[in-house]
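Dropping final-v2.pdb in here (PDB, C-alpha atoms, pLDDT in the B column):
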```pdb
ATOM      1  CA  MET A 300       0.749  -0.374  -4.917  1.00 97.00           C
ATOM      2  CA  GLY A 301      -1.489  -3.136  -6.092  1.00 97.00           C
ATOM      3  CA  LYS A 302      -4.671  -5.000  -5.390  1.00 97.00           C
ATOM      4  CA  SER A 303      -4.884  -7.342  -2.409  1.00 94.00           C
ATOM      5  CA  ALA A 304      -2.900 -10.567  -2.887  1.00 95.00           C
ATOM      6  CA  SER A 305      -0.850  -9.032  -5.707  1.00 97.00           C
ATOM      7  CA  GLY A 306       2.368  -9.703  -3.784  1.00 96.00           C
ATOM      8  CA  LYS A 307       3.034  -6.058  -2.972  1.00 95.00           C
ATOM      9  CA  ASP A 308       3.836  -6.750   0.698  1.00 91.00           C
ATOM     10  CA  SER A 309       6.416  -9.422  -0.187  1.00 95.00           C
ATOM     11  CA  LEU A 310       7.975  -7.211  -2.852  1.00 97.00           C
ATOM     12  CA  TYR A 311       7.960  -4.217  -0.499  1.00 95.00           C
ATOM     13  CA  ARG A 312       9.880  -6.133   2.193  1.00 93.00           C
ATOM     14  CA  ARG A 313      12.366  -7.538  -0.327  1.00 96.00           C
ATOM     15  CA  LEU A 314      13.022  -4.147  -1.902  1.00 97.00           C
ATOM     16  CA  LEU A 315      13.653  -2.582   1.503  1.00 95.00           C
ATOM     17  CA  ASP A 316      15.920  -5.454   2.570  1.00 95.00           C
ATOM     18  CA  ASP A 317      17.836  -5.397  -0.709  1.00 95.00           C
ATOM     19  CA  ALA A 318      18.362  -1.627  -0.679  1.00 93.00           C
ATOM     20  CA  GLY A 319      20.845  -1.772   2.207  1.00 90.00           C
ATOM     21  CA  GLY A 320      19.358   1.238   3.959  1.00 90.00           C
ATOM     22  CA  GLU A 321      19.019   3.333   0.788  1.00 92.00           C
ATOM     23  CA  LEU A 322      15.207   3.033   0.887  1.00 94.00           C
ATOM     24  CA  HIS A 323      13.290   3.895   4.042  1.00 94.00           C
ATOM     25  CA  PRO A 324       9.812   2.600   4.900  1.00 94.00           C
ATOM     26  CA  VAL A 325       6.820   4.875   5.331  1.00 94.00           C
ATOM     27  CA  VAL A 326       4.510   3.150   7.771  1.00 92.00           C
ATOM     28  CA  PRO A 327       0.855   4.038   7.167  1.00 93.00           C
ATOM     29  CA  TRP A 328      -1.832   4.202   9.836  1.00 96.00           C
ATOM     30  CA  THR A 329      -5.092   2.289  10.161  1.00 97.00           C
ATOM     31  CA  THR A 330      -8.076   1.931  12.462  1.00 98.00           C
ATOM     32  CA  ARG A 331      -8.610  -1.719  11.514  1.00 95.00           C
ATOM     33  CA  PRO A 332      -7.745  -4.413  14.031  1.00 94.00           C
ATOM     34  CA  ILE A 333      -4.248  -5.819  13.946  1.00 94.00           C
ATOM     35  CA  ARG A 334      -3.987  -9.127  12.072  1.00 87.00           C
ATOM     36  CA  GLU A 335      -2.178 -12.203  13.261  1.00 83.00           C
ATOM     37  CA  GLY A 336       1.557 -11.771  12.657  1.00 88.00           C
ATOM     38  CA  GLU A 337       1.435  -7.971  12.270  1.00 92.00           C
ATOM     39  CA  ARG A 338       3.400  -5.686  14.571  1.00 94.00           C
ATOM     40  CA  GLU A 339       2.682  -2.115  15.620  1.00 96.00           C
ATOM     41  CA  GLY A 340       4.875   0.306  13.702  1.00 91.00           C
ATOM     42  CA  VAL A 341       6.024  -2.285  11.167  1.00 89.00           C
ATOM     43  CA  GLU A 342       3.141  -2.993   8.779  1.00 87.00           C
ATOM     44  CA  TYR A 343       0.978  -0.181  10.176  1.00 92.00           C
ATOM     45  CA  HIS A 344       0.525   2.156  13.087  1.00 95.00           C
ATOM     46  CA  PHE A 345      -2.734   1.009  14.678  1.00 97.00           C
ATOM     47  CA  THR A 346      -5.138   3.441  16.293  1.00 97.00           C
ATOM     48  CA  ASP A 347      -8.864   3.906  16.771  1.00 97.00           C
ATOM     49  CA  THR A 348     -11.230   6.485  15.285  1.00 96.00           C
ATOM     50  CA  GLU A 349     -10.600   8.822  18.223  1.00 98.00           C
ATOM     51  CA  GLY A 350      -6.866   8.687  17.493  1.00 97.00           C
ATOM     52  CA  LEU A 351      -7.585   9.481  13.842  1.00 98.00           C
ATOM     53  CA  LYS A 352      -9.755  12.443  14.855  1.00 98.00           C
ATOM     54  CA  ARG A 353      -6.953  13.807  17.079  1.00 98.00           C
ATOM     55  CA  LEU A 354      -4.421  13.555  14.229  1.00 98.00           C
ATOM     56  CA  GLU A 355      -6.870  15.267  11.853  1.00 98.00           C
ATOM     57  CA  ALA A 356      -7.489  18.063  14.366  1.00 98.00           C
ATOM     58  CA  GLU A 357      -3.717  18.575  14.536  1.00 97.00           C
ATOM     59  CA  GLY A 358      -3.629  18.857  10.714  1.00 96.00           C
ATOM     60  CA  ARG A 359      -1.254  15.902  10.395  1.00 96.00           C
ATOM     61  CA  VAL A 360      -3.327  13.600   8.140  1.00 97.00           C
ATOM     62  CA  LEU A 361      -2.071  13.912   4.542  1.00 96.00           C
ATOM     63  CA  GLU A 362      -4.566  11.524   2.988  1.00 96.00           C
ATOM     64  CA  LYS A 363      -7.245   9.154   4.199  1.00 96.00           C
ATOM     65  CA  ARG A 364      -9.406   6.387   2.772  1.00 93.00           C
ATOM     66  CA  VAL A 365     -12.321   4.548   4.332  1.00 93.00           C
ATOM     67  CA  TYR A 366     -13.352   0.985   3.579  1.00 88.00           C
ATOM     68  CA  HIS A 367     -16.855  -0.072   4.560  1.00 88.00           C
ATOM     69  CA  THR A 368     -16.067  -3.624   5.641  1.00 85.00           C
ATOM     70  CA  VAL A 369     -18.308  -6.364   6.959  1.00 83.00           C
ATOM     71  CA  HIS A 370     -16.725  -5.540  10.350  1.00 87.00           C
ATOM     72  CA  GLY A 371     -17.432  -1.802  10.189  1.00 92.00           C
ATOM     73  CA  ASP A 372     -15.596   1.194   8.724  1.00 96.00           C
ATOM     74  CA  TRP A 373     -11.802   0.921   8.612  1.00 95.00           C
ATOM     75  CA  TYR A 374      -9.672   3.966   7.844  1.00 97.00           C
ATOM     76  CA  TYR A 375      -6.228   3.898   6.276  1.00 95.00           C
ATOM     77  CA  PHE A 376      -4.183   7.093   6.217  1.00 96.00           C
ATOM     78  CA  THR A 377      -0.762   8.722   6.035  1.00 96.00           C
ATOM     79  CA  VAL A 378       0.408  11.004   8.828  1.00 96.00           C
ATOM     80  CA  ASP A 379       2.918  13.821   8.452  1.00 93.00           C
ATOM     81  CA  ASP A 380       4.972  13.272  11.573  1.00 86.00           C
ATOM     82  CA  GLY A 381       8.097  14.944  10.192  1.00 87.00           C
ATOM     83  CA  SER A 382       9.788  11.651   9.330  1.00 85.00           C
ATOM     84  CA  ILE A 383       9.042  11.885   5.585  1.00 91.00           C
ATOM     85  CA  ARG A 384      11.668  14.142   3.976  1.00 91.00           C
ATOM     86  CA  PRO A 385      11.676  13.216   0.266  1.00 89.00           C
ATOM     87  CA  ARG A 386      14.335  15.723  -0.711  1.00 87.00           C
ATOM     88  CA  GLU A 387      16.752  14.140   1.802  1.00 91.00           C
ATOM     89  CA  ARG A 388      15.985  10.415   1.598  1.00 93.00           C
ATOM     90  CA  LYS A 389      14.285   7.833  -0.600  1.00 93.00           C
ATOM     91  CA  TYR A 390      11.180   6.119   0.721  1.00 94.00           C
ATOM     92  CA  LEU A 391       9.030   3.159  -0.152  1.00 95.00           C
ATOM     93  CA  MET A 392       5.449   2.755   0.970  1.00 93.00           C
ATOM     94  CA  ILE A 393       2.371   0.733   0.152  1.00 92.00           C
ATOM     95  CA  SER A 394      -0.494   2.866  -1.076  1.00 91.00           C
ATOM     96  CA  THR A 395      -3.463   3.218  -3.434  1.00 93.00           C
ATOM     97  CA  PRO A 396      -4.019   5.387  -6.526  1.00 95.00           C
ATOM     98  CA  GLU A 397      -6.184   7.738  -4.454  1.00 93.00           C
ATOM     99  CA  ALA A 398      -3.497   8.119  -1.782  1.00 94.00           C
ATOM    100  CA  PHE A 399      -0.804   8.460  -4.447  1.00 96.00           C
ATOM    101  CA  ILE A 400      -2.596  11.497  -5.901  1.00 96.00           C
ATOM    102  CA  LYS A 401      -2.811  13.194  -2.479  1.00 95.00           C
ATOM    103  CA  LEU A 402       0.835  12.457  -1.626  1.00 94.00           C
ATOM    104  CA  LYS A 403       1.934  13.733  -5.044  1.00 94.00           C
ATOM    105  CA  GLU A 404      -0.021  16.956  -4.382  1.00 94.00           C
ATOM    106  CA  HIS A 405       1.552  17.350  -0.924  1.00 93.00           C
ATOM    107  CA  PHE A 406       5.189  16.453  -1.671  1.00 92.00           C
ATOM    108  CA  GLY A 407       5.357  17.337  -5.375  1.00 92.00           C
ATOM    109  CA  GLU A 408       5.238  15.255  -8.521  1.00 91.00           C
ATOM    110  CA  SER A 409       9.025  14.994  -8.759  1.00 90.00           C
ATOM    111  CA  CYS A 410       9.209  13.364  -5.313  1.00 91.00           C
ATOM    112  CA  VAL A 411       6.499  10.677  -5.592  1.00 93.00           C
ATOM    113  CA  HIS A 412       6.668   7.832  -8.131  1.00 94.00           C
ATOM    114  CA  PRO A 413       4.286   4.873  -8.498  1.00 96.00           C
ATOM    115  CA  LEU A 414       5.225   1.195  -8.685  1.00 97.00           C
ATOM    116  CA  TYR A 415       2.038  -0.637  -9.653  1.00 98.00           C
ATOM    117  CA  ILE A 416       2.090  -4.411  -9.064  1.00 98.00           C
ATOM    118  CA  ASP A 417      -0.351  -6.304 -11.275  1.00 97.00           C
ATOM    119  CA  VAL A 418      -1.615  -9.897 -11.134  1.00 97.00           C
ATOM    120  CA  GLU A 419      -4.427 -11.524 -13.093  1.00 96.00           C
ATOM    121  CA  ASP A 420      -7.613 -11.539 -10.982  1.00 95.00           C
ATOM    122  CA  GLY A 421      -8.043 -15.342 -10.899  1.00 96.00           C
ATOM    123  CA  GLU A 422      -4.483 -15.778  -9.612  1.00 96.00           C
ATOM    124  CA  ARG A 423      -5.045 -13.042  -7.020  1.00 96.00           C
ATOM    125  CA  LEU A 424      -8.222 -14.697  -5.795  1.00 96.00           C
ATOM    126  CA  GLU A 425      -6.426 -18.032  -5.390  1.00 96.00           C
ATOM    127  CA  ARG A 426      -3.607 -16.343  -3.455  1.00 96.00           C
ATOM    128  CA  ALA A 427      -6.052 -14.469  -1.230  1.00 95.00           C
ATOM    129  CA  LEU A 428      -8.019 -17.618  -0.435  1.00 96.00           C
ATOM    130  CA  LYS A 429      -4.844 -19.522   0.434  1.00 95.00           C
ATOM    131  CA  ARG A 430      -3.690 -16.688   2.724  1.00 93.00           C
ATOM    132  CA  GLU A 431      -7.089 -16.405   4.415  1.00 93.00           C
ATOM    133  CA  ARG A 432      -7.231 -20.140   5.121  1.00 95.00           C
ATOM    134  CA  MET A 433      -4.043 -19.744   7.172  1.00 92.00           C
ATOM    135  CA  GLN A 434      -5.780 -17.404   9.653  1.00 89.00           C
ATOM    136  CA  ASP A 435      -7.085 -18.800  12.946  1.00 88.00           C
ATOM    137  CA  VAL A 436     -10.496 -17.383  12.062  1.00 90.00           C
ATOM    138  CA  PRO A 437     -10.769 -16.904   8.289  1.00 93.00           C
ATOM    139  CA  LYS A 438     -12.849 -13.892   7.246  1.00 90.00           C
ATOM    140  CA  TYR A 439     -14.110 -14.942   3.830  1.00 94.00           C
ATOM    141  CA  LYS A 440     -16.764 -12.234   3.587  1.00 92.00           C
ATOM    142  CA  GLU A 441     -14.104  -9.586   4.081  1.00 88.00           C
ATOM    143  CA  LEU A 442     -11.864 -11.294   1.504  1.00 93.00           C
ATOM    144  CA  CYS A 443     -14.679 -11.056  -1.038  1.00 94.00           C
ATOM    145  CA  ARG A 444     -15.420  -7.430  -0.149  1.00 89.00           C
ATOM    146  CA  ARG A 445     -11.737  -6.494  -0.546  1.00 90.00           C
ATOM    147  CA  PHE A 446     -11.488  -8.317  -3.857  1.00 94.00           C
ATOM    148  CA  LEU A 447     -14.491  -6.484  -5.310  1.00 94.00           C
ATOM    149  CA  ALA A 448     -13.459  -3.114  -3.847  1.00 91.00           C
ATOM    150  CA  ASP A 449     -10.012  -3.473  -5.422  1.00 94.00           C
ATOM    151  CA  CYS A 450     -11.589  -3.911  -8.854  1.00 93.00           C
ATOM    152  CA  GLU A 451     -13.063  -0.433  -8.405  1.00 94.00           C
ATOM    153  CA  ASP A 452     -10.170   1.232  -6.532  1.00 93.00           C
ATOM    154  CA  PHE A 453      -7.590   0.032  -9.073  1.00 96.00           C
ATOM    155  CA  SER A 454      -9.686   0.334 -12.214  1.00 96.00           C
ATOM    156  CA  GLU A 455      -7.862   1.351 -15.389  1.00 95.00           C
ATOM    157  CA  GLU A 456      -9.712   4.684 -15.233  1.00 96.00           C
ATOM    158  CA  LYS A 457      -8.471   5.430 -11.705  1.00 96.00           C
ATOM    159  CA  LEU A 458      -4.933   4.348 -12.581  1.00 97.00           C
ATOM    160  CA  ALA A 459      -4.982   6.659 -15.611  1.00 96.00           C
ATOM    161  CA  GLU A 460      -6.421   9.521 -13.522  1.00 95.00           C
ATOM    162  CA  ALA A 461      -3.519   9.101 -11.082  1.00 96.00           C
ATOM    163  CA  GLY A 462      -1.003   9.070 -13.935  1.00 95.00           C
ATOM    164  CA  ILE A 463      -0.041   5.435 -13.371  1.00 96.00           C
ATOM    165  CA  GLY A 464       0.725   3.826 -16.701  1.00 94.00           C
ATOM    166  CA  LYS A 465       3.514   1.339 -16.018  1.00 96.00           C
ATOM    167  CA  HIS A 466       2.509  -2.055 -14.598  1.00 97.00           C
ATOM    168  CA  PHE A 467       4.854  -4.641 -13.086  1.00 98.00           C
ATOM    169  CA  ASP A 468       3.434  -8.129 -13.698  1.00 98.00           C
ATOM    170  CA  ASN A 469       3.891 -10.361 -10.646  1.00 97.00           C
ATOM    171  CA  ARG A 470       3.157 -13.811 -12.016  1.00 96.00           C
ATOM    172  CA  ASP A 471       6.750 -14.629 -11.092  1.00 96.00           C
ATOM    173  CA  LEU A 472       8.011 -13.001  -7.873  1.00 96.00           C
ATOM    174  CA  GLU A 473      11.723 -13.163  -8.772  1.00 97.00           C
ATOM    175  CA  GLN A 474      11.222 -11.664 -12.213  1.00 98.00           C
ATOM    176  CA  CYS A 475       8.990  -8.897 -10.848  1.00 98.00           C
ATOM    177  CA  PHE A 476      11.497  -8.136  -8.081  1.00 98.00           C
ATOM    178  CA  ASP A 477      14.324  -7.852 -10.618  1.00 97.00           C
ATOM    179  CA  GLU A 478      12.257  -5.549 -12.838  1.00 97.00           C
ATOM    180  CA  LEU A 479      11.386  -3.313  -9.877  1.00 97.00           C
ATOM    181  CA  LYS A 480      15.037  -3.110  -8.792  1.00 95.00           C
ATOM    182  CA  LYS A 481      16.113  -2.130 -12.310  1.00 95.00           C
ATOM    183  CA  TYR A 482      13.337   0.450 -12.567  1.00 94.00           C
ATOM    184  CA  ILE A 483      14.208   2.005  -9.208  1.00 91.00           C
ATOM    185  CA  GLY A 484      17.896   2.050 -10.159  1.00 85.00           C
ATOM    186  CA  ALA A 485      17.111   3.695 -13.498  1.00 73.00           C
ATOM    187  CA  ALA A 486      15.038   6.340 -11.715  1.00 65.00           C
ATOM    188  CA  ASP A 487      18.087   7.194  -9.598  1.00 60.00           C
ATOM    189  CA  GLY A 488      20.197   7.961 -12.667  1.00 48.00           C
TER     190      GLY A 488
END
```
Give the structure from this file in structure tokens form.
Amino acid sequence: MGKSASGKDSLYRRLLDDAGGELHPVVPWTTRPIREGEREGVEYHFTDTEGLKRLEAEGRVLEKRVYHTVHGDWYYFTVDDGSIRPRERKYLMISTPEAFIKLKEHFGESCVHPLYIDVEDGERLERALKRERMQDVPKYKELCRRFLADCEDFSEEKLAEAGIGKHFDNRDLEQCFDELKKYIGAADG
């Protein structure tokens, strides 16, 4: 987990690729529109608010967050579809401290471990701006909203409340990747 533009998506993909099938992705769900380059079932499962309501009525939503964006409310959530079996396989997913707490409560503390990716805010803002400029229709207002929301969602108080103490500094992608690999390997032993 990490704030937007922390490099968590790049690190996530590299860790999964490097694991040779030993780590399995957990694909979260969202009601936000699909972005350019995203694919259904890869980065997210995309649905609408009616789809979310159906999953909630079935009791399958493990955790849910709402972001009040300049484009309306967008929900992000994790669905228990039977594919997450932490006592049988190892998984990797992108999440938030709030979601981490809920997943830890559902699956048990021994099954859920945080990997918090950290980047200095000025560097993150530069990365986010560069990424947004690559979009056909840049959404700068939403970039700013996300940046400010992340300052709250990933505050030191919320990280401490979730029991997340270790930070992986991602100023250098290769170094951060190596540190994450070592940490994951050490957790196995």
Exercise. Rounded to one decimal in Å, what is the spacing between atom CA of A:Glu342 and atom CA of A:Pro327?
Worked result: 7.6 Å
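With distances restricted to only C-alpha atoms, A:His370 is the closest residue to A:Lys440 from A:Lys403, A:Arg338, A:Lys302, A:His370.
If you look at atom CA of A:His367 and atom CA of A:Arg444, they are 8.9 Å away from each other.
Take atom CA of A:Ser394 and atom CA of A:Gly336: the distance between them is 20.2 Å.
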Could you expand the PyMOL selection byres ((chain A and resi 468) around 10) into the explicit residues it covers here, written as a short mmCIF file (atom, residue, chain, number, x, y, z; two decimals) with C-alpha atoms, in the frame of the given file?
```cif
data_model
loop_
_atom_site.label_atom_id
_atom_site.label_comp_id
_atom_site.auth_asym_id
_atom_site.auth_seq_id
_atom_site.Cartn_x
_atom_site.Cartn_y
_atom_site.Cartn_z
CA SER A 305 -0.85 -9.03 -5.71
CA TYR A 415 2.04 -0.64 -9.65
CA ILE A 416 2.09 -4.41 -9.06
CA ASP A 417 -0.35 -6.30 -11.28
CA VAL A 418 -1.62 -9.90 -11.13
CA GLU A 419 -4.43 -11.52 -13.09
CA LYS A 465 3.51 1.34 -16.02
CA HIS A 466 2.51 -2.06 -14.60
CA PHE A 467 4.85 -4.64 -13.09
CA ASN A 469 3.89 -10.36 -10.65
CA ARG A 470 3.16 -13.81 -12.02
CA ASP A 471 6.75 -14.63 -11.09
CA LEU A 472 8.01 -13.00 -7.87
CA GLN A 474 11.22 -11.66 -12.21
CA CYS A 475 8.99 -8.90 -10.85
CA PHE A 476 11.50 -8.14 -8.08
CA GLU A 478 12.26 -5.55 -12.84
#
```
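Residues within 10 Å of A:Asp380, counting only C-alpha atoms and excluding same-chain residues fewer than 4 positions away, are Leu354, Arg359, Val360 and Leu361 of chain A.
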Would you export the selected residues with C-alpha atoms as a CSV table (one decimal), in the coordinates of the input, please?
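Below is the file that was written, again38.csv:
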```
chain,number,residue,atom,x,y,z
A,354,LEU,CA,-4.4,13.6,14.2
A,359,ARG,CA,-1.3,15.9,10.4
A,360,VAL,CA,-3.3,13.6,8.1
A,361,LEU,CA,-2.1,13.9,4.5
```
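Minimum atom-to-atom distance to A:Met300, evaluated using all atoms listed in the file, belongs to A:Thr395 out of A:Lys401, A:Gly407, A:Ala448, A:Thr395.
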Exercise. Do you know which residues the PyMOL selection byres ((chain A and resi 458) around 12) returns on this file, as number ranges by chain?
Worked result: A: 300-302, 395-400, 413-417, 449-457, 459-466
Exercise. Written as a PyMOL selection string, what is the full residue list that the PyMOL selection byres ((chain A and resi 309-316) around 10) yields on the file shown?
Worked result: chain A and resi 300+304-308+317-324+342+390-393+416+469+472-473+475-477+479-480+483
For A:Trp373, please output as a compact mmCIF listing (two decimals) with C-alpha atoms, keeping the file's coordinate frame all residues within 8 Å (counting all atoms listed in the file; exclusion window: fewer than 6 positions along the same chain).
```
# COMPACT_ATOMS: atom_id res chain seq x y z
CA THR A 329 -5.09 2.29 10.16
CA THR A 330 -8.08 1.93 12.46
CA ARG A 331 -8.61 -1.72 11.51
CA VAL A 365 -12.32 4.55 4.33
CA TYR A 366 -13.35 0.98 3.58
CA HIS A 367 -16.86 -0.07 4.56
```
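Considering all atoms listed in the file, the residue among A:Val369, A:Ile383, A:Leu442, A:Ala485 positioned nearest to A:Val411 is A:Ile383.
With only C-alpha atoms as the atoms that count, the minimum distance from A:Glu422 to the choices A:Glu408, A:Val341, A:Phe446, A:Val378 is reached by A:Phe446.
Closest approach to A:Leu447 from the set A:Glu425, A:Gly350, A:Asp420, A:Arg430 is made by A:Asp420, with distances taken over only C-alpha atoms.
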Taking only N, CA and C atoms, show stretch 321-334 of chain A of the given structure as a PDB file, in the first residue's frame.
```pdb
ATOM      1  N   GLU A 321       4.398 -17.965  -7.037  1.00  0.00           N
ATOM      2  CA  GLU A 321       4.304 -18.173  -5.593  1.00  0.00           C
ATOM      3  C   GLU A 321       3.405 -17.144  -4.912  1.00  0.00           C
ATOM      4  N   LEU A 322       3.237 -15.974  -5.542  1.00  0.00           N
ATOM      5  CA  LEU A 322       2.323 -14.946  -5.054  1.00  0.00           C
ATOM      6  C   LEU A 322       1.171 -14.824  -6.047  1.00  0.00           C
ATOM      7  N   HIS A 323      -0.020 -14.703  -5.531  1.00  0.00           N
ATOM      8  CA  HIS A 323      -1.215 -14.616  -6.377  1.00  0.00           C
ATOM      9  C   HIS A 323      -1.879 -13.255  -6.174  1.00  0.00           C
ATOM     10  N   PRO A 324      -2.334 -12.633  -7.257  1.00  0.00           N
ATOM     11  CA  PRO A 324      -2.966 -11.314  -7.110  1.00  0.00           C
ATOM     12  C   PRO A 324      -4.370 -11.405  -6.531  1.00  0.00           C
ATOM     13  N   VAL A 325      -4.714 -10.422  -5.719  1.00  0.00           N
ATOM     14  CA  VAL A 325      -6.099 -10.203  -5.303  1.00  0.00           C
ATOM     15  C   VAL A 325      -6.531  -8.962  -6.060  1.00  0.00           C
ATOM     16  N   VAL A 326      -7.536  -9.117  -6.885  1.00  0.00           N
ATOM     17  CA  VAL A 326      -7.999  -8.003  -7.714  1.00  0.00           C
ATOM     18  C   VAL A 326      -9.176  -7.332  -7.013  1.00  0.00           C
ATOM     19  N   PRO A 327      -8.987  -6.076  -6.583  1.00  0.00           N
ATOM     20  CA  PRO A 327     -10.082  -5.365  -5.920  1.00  0.00           C
ATOM     21  C   PRO A 327     -11.150  -4.910  -6.916  1.00  0.00           C
ATOM     22  N   TRP A 328     -12.220  -4.406  -6.389  1.00  0.00           N
ATOM     23  CA  TRP A 328     -13.351  -3.921  -7.184  1.00  0.00           C
ATOM     24  C   TRP A 328     -13.461  -2.408  -7.039  1.00  0.00           C
ATOM     25  N   THR A 329     -14.057  -1.775  -8.052  1.00  0.00           N
ATOM     26  CA  THR A 329     -14.310  -0.338  -7.980  1.00  0.00           C
ATOM     27  C   THR A 329     -15.523   0.031  -8.829  1.00  0.00           C
ATOM     28  N   THR A 330     -16.129   1.155  -8.448  1.00  0.00           N
ATOM     29  CA  THR A 330     -17.224   1.715  -9.253  1.00  0.00           C
ATOM     30  C   THR A 330     -16.727   2.861 -10.121  1.00  0.00           C
ATOM     31  N   ARG A 331     -15.445   3.216 -10.025  1.00  0.00           N
ATOM     32  CA  ARG A 331     -14.942   4.321 -10.837  1.00  0.00           C
ATOM     33  C   ARG A 331     -14.797   3.869 -12.278  1.00  0.00           C
ATOM     34  N   PRO A 332     -14.810   4.811 -13.202  1.00  0.00           N
ATOM     35  CA  PRO A 332     -14.639   4.444 -14.610  1.00  0.00           C
ATOM     36  C   PRO A 332     -13.251   3.860 -14.870  1.00  0.00           C
ATOM     37  N   ILE A 333     -13.192   2.976 -15.818  1.00  0.00           N
ATOM     38  CA  ILE A 333     -11.920   2.377 -16.207  1.00  0.00           C
ATOM     39  C   ILE A 333     -11.039   3.442 -16.846  1.00  0.00           C
ATOM     40  N   ARG A 334      -9.748   3.427 -16.496  1.00  0.00           N
ATOM     41  CA  ARG A 334      -8.794   4.382 -17.063  1.00  0.00           C
ATOM     42  C   ARG A 334      -8.157   3.793 -18.314  1.00  0.00           C
TER      43      ARG A 334
END
```
